[in-house]
file target_4.txt (compact mmCIF, C-alpha atoms)
# COMPACT_ATOMS: atom_id res chain seq x y z
CA MET A 44 50.95 29.84 -16.66
CA LYS A 45 51.28 27.67 -19.78
CA PRO A 46 52.13 24.50 -17.78
CA LEU A 47 49.03 25.04 -15.60
CA ILE A 48 46.75 25.35 -18.65
CA LEU A 49 48.45 22.33 -20.25
CA LEU A 50 47.95 20.20 -17.11
CA THR A 51 44.31 21.27 -16.84
CA LEU A 52 43.60 20.36 -20.47
CA LEU A 53 45.41 17.05 -20.07
CA GLY A 54 43.35 16.24 -16.96
CA LEU A 55 40.08 17.06 -18.74
CA LEU A 56 41.11 14.91 -21.71
CA THR A 57 41.89 12.00 -19.37
CA LEU A 58 38.51 12.31 -17.61
CA GLY A 59 36.71 12.41 -20.95
CA LEU A 60 38.47 9.30 -22.21
CA CYS A 61 37.80 7.42 -18.96
CA ARG A 62 34.11 8.32 -19.06
CA ARG A 63 33.81 7.23 -22.71
CA ALA A 64 35.48 3.89 -21.89
CA ALA A 65 33.10 3.37 -18.95
CA ASP A 66 30.08 4.13 -21.15
CA ARG A 67 31.18 1.54 -23.70
CA SER A 68 31.64 -1.14 -21.07
CA LEU A 69 28.06 -0.80 -19.76
CA SER A 70 25.49 -1.78 -22.34
CA ALA A 71 21.73 -1.53 -21.72
CA ASP A 72 21.49 -5.18 -20.62
CA ASP A 73 24.50 -4.99 -18.29
CA SER A 74 23.57 -1.80 -16.51
CA PRO A 75 22.78 -2.03 -12.79
CA SER A 76 19.40 -0.38 -13.31
CA SER A 77 18.24 -3.20 -15.61
CA GLU A 78 18.70 -5.68 -12.76
CA ALA A 79 16.29 -3.72 -10.57
CA PHE A 80 13.29 -4.16 -12.87
CA VAL A 81 11.49 -7.40 -13.61
CA SER A 82 8.81 -7.99 -16.21
CA ARG A 83 5.20 -8.29 -15.09
CA ARG A 84 5.02 -11.90 -16.17
CA ALA A 85 8.15 -12.89 -14.24
CA SER A 86 6.97 -11.10 -11.11
CA ALA A 87 3.55 -12.74 -11.38
CA GLU A 88 5.21 -16.15 -11.47
CA VAL A 89 7.01 -15.37 -8.21
CA VAL A 90 3.95 -14.21 -6.27
CA ARG A 91 1.33 -16.57 -7.71
CA ARG A 92 -0.60 -18.29 -4.95
CA HIS A 93 -1.17 -22.01 -4.94
CA LYS A 94 -4.78 -23.04 -5.36
CA ARG A 95 -6.16 -25.01 -2.43
CA ASN A 96 -8.38 -28.01 -2.96
CA TYR A 97 -10.20 -27.89 0.35
CA ILE A 98 -12.83 -25.58 1.79
CA TYR A 99 -11.71 -25.63 5.43
CA ASP A 100 -8.49 -24.15 6.70
CA SER A 101 -6.60 -27.03 8.33
CA VAL A 102 -4.86 -24.85 10.93
CA TYR A 103 -7.79 -22.94 12.41
CA GLY A 104 -10.75 -25.01 11.25
CA ALA A 105 -12.39 -21.89 9.78
CA MET A 106 -14.42 -22.04 6.60
CA ARG A 107 -12.77 -20.41 3.60
CA ASP A 108 -14.33 -17.64 1.53
CA PRO A 109 -16.73 -19.19 -1.05
CA LEU A 110 -15.68 -16.57 -3.63
CA GLU A 111 -12.00 -17.49 -3.37
CA ALA A 112 -12.12 -19.74 -6.46
CA LYS A 113 -13.72 -16.96 -8.50
CA ARG A 114 -11.21 -14.46 -7.15
CA GLU A 115 -8.37 -16.71 -8.35
CA VAL A 116 -9.96 -16.96 -11.82
CA CYS A 117 -10.06 -13.17 -11.96
CA GLU A 118 -6.43 -12.95 -10.79
CA PHE A 119 -5.24 -15.17 -13.64
CA ASN A 120 -6.77 -12.78 -16.20
CA PRO A 121 -4.52 -9.66 -16.19
CA ASP A 122 -7.32 -7.36 -17.41
CA CYS A 123 -9.78 -8.58 -14.78
CA ASP A 124 -7.11 -8.35 -12.08
CA GLU A 125 -6.25 -4.76 -13.03
CA LEU A 126 -9.93 -3.76 -13.09
CA ALA A 127 -10.47 -5.45 -9.71
CA ASP A 128 -7.78 -3.21 -8.26
CA HIS A 129 -9.78 -0.18 -9.36
CA ILE A 130 -13.45 -1.09 -8.87
CA GLY A 131 -13.39 -4.20 -6.69
CA PHE A 132 -13.41 -7.92 -7.32
CA GLN A 133 -17.15 -8.56 -7.64
CA GLU A 134 -17.72 -5.76 -10.18
CA ALA A 135 -14.70 -6.80 -12.25
CA TYR A 136 -15.75 -10.47 -12.21
CA GLN A 137 -19.27 -9.56 -13.33
CA ARG A 138 -17.95 -7.50 -16.25
CA PHE A 139 -15.70 -10.30 -17.51
CA TYR A 140 -17.54 -13.51 -16.58
CA GLY A 141 -21.13 -12.62 -15.76
CA PRO A 142 -22.99 -12.76 -12.44
CA VAL A 143 -21.13 -13.90 -9.35
call {"tool": "encode", "arguments": {"input": "target_4.txt", "output": "structure tokens"}}
result
Amino acid sequence: MKPLILLTLLGLLTLGLCRRAADRSLSADDSPSSEAFVSRRASAEVVRRHKRNYIYDSVYGAMRDPLEAKREVCEFNPDCDELADHIGFQEAYQRFYGPV
């Protein structure tokens, strides 16, 4: 009976020491979960659209939206962009920059 209790306690001690060593090796910056999240600014840099300098779409020959330039101005302002997600682009643009 005593050897069984001794082996059980020794196994628990080993697991505790291994877990403590693993916790020390992973700091907050090295953890796998920190790689999954990106700051808002870094993600905005990745998905930022390039501004076009022409009014006609070269592929289809269709005329582009005349409010596209104003929509891009609103997208560059984080507060206007967030408000546009909630109440719409035209209302958000009017609140920040005046009449469309």
call {"tool": "closest_residue", "arguments": {"input": "target_4.txt", "among": "A:Arg84, A:Lys45, A:Lys113, A:Arg62", "to": "Gly141 (chain A)", "atoms": "all atoms listed in the file"}}
result
A:Lys113
call {"tool": "closest_residue", "arguments": {"input": "target_4.txt", "among": "A:Leu49, A:Leu60, A:Met44, A:Ala87", "to": "Phe119 (chain A)", "atoms": "all atoms listed in the file"}}
result
A:Ala87
call {"tool": "closest_residue", "arguments": {"input": "target_4.txt", "among": "A:Val81, A:Arg114, A:Ile48, A:Leu53", "to": "Asp128 (chain A)", "atoms": "all atoms listed in the file"}}
result
A:Arg114
call {"tool": "atom_distance", "arguments": {"input": "target_4.txt", "atom1": "CA of Val89 (chain A)", "atom2": "CA of Gln133 (chain A)"}}
result
25.1 Å
call {"tool": "atom_distance", "arguments": {"input": "target_4.txt", "atom1": "CA of Gln137 (chain A)", "atom2": "CA of Cys117 (chain A)"}}
result
10.0 Å
call {"tool": "atom_distance", "arguments": {"input": "target_4.txt", "atom1": "CA of Leu47 (chain A)", "atom2": "CA of Gly59 (chain A)"}}
result
18.4 Å
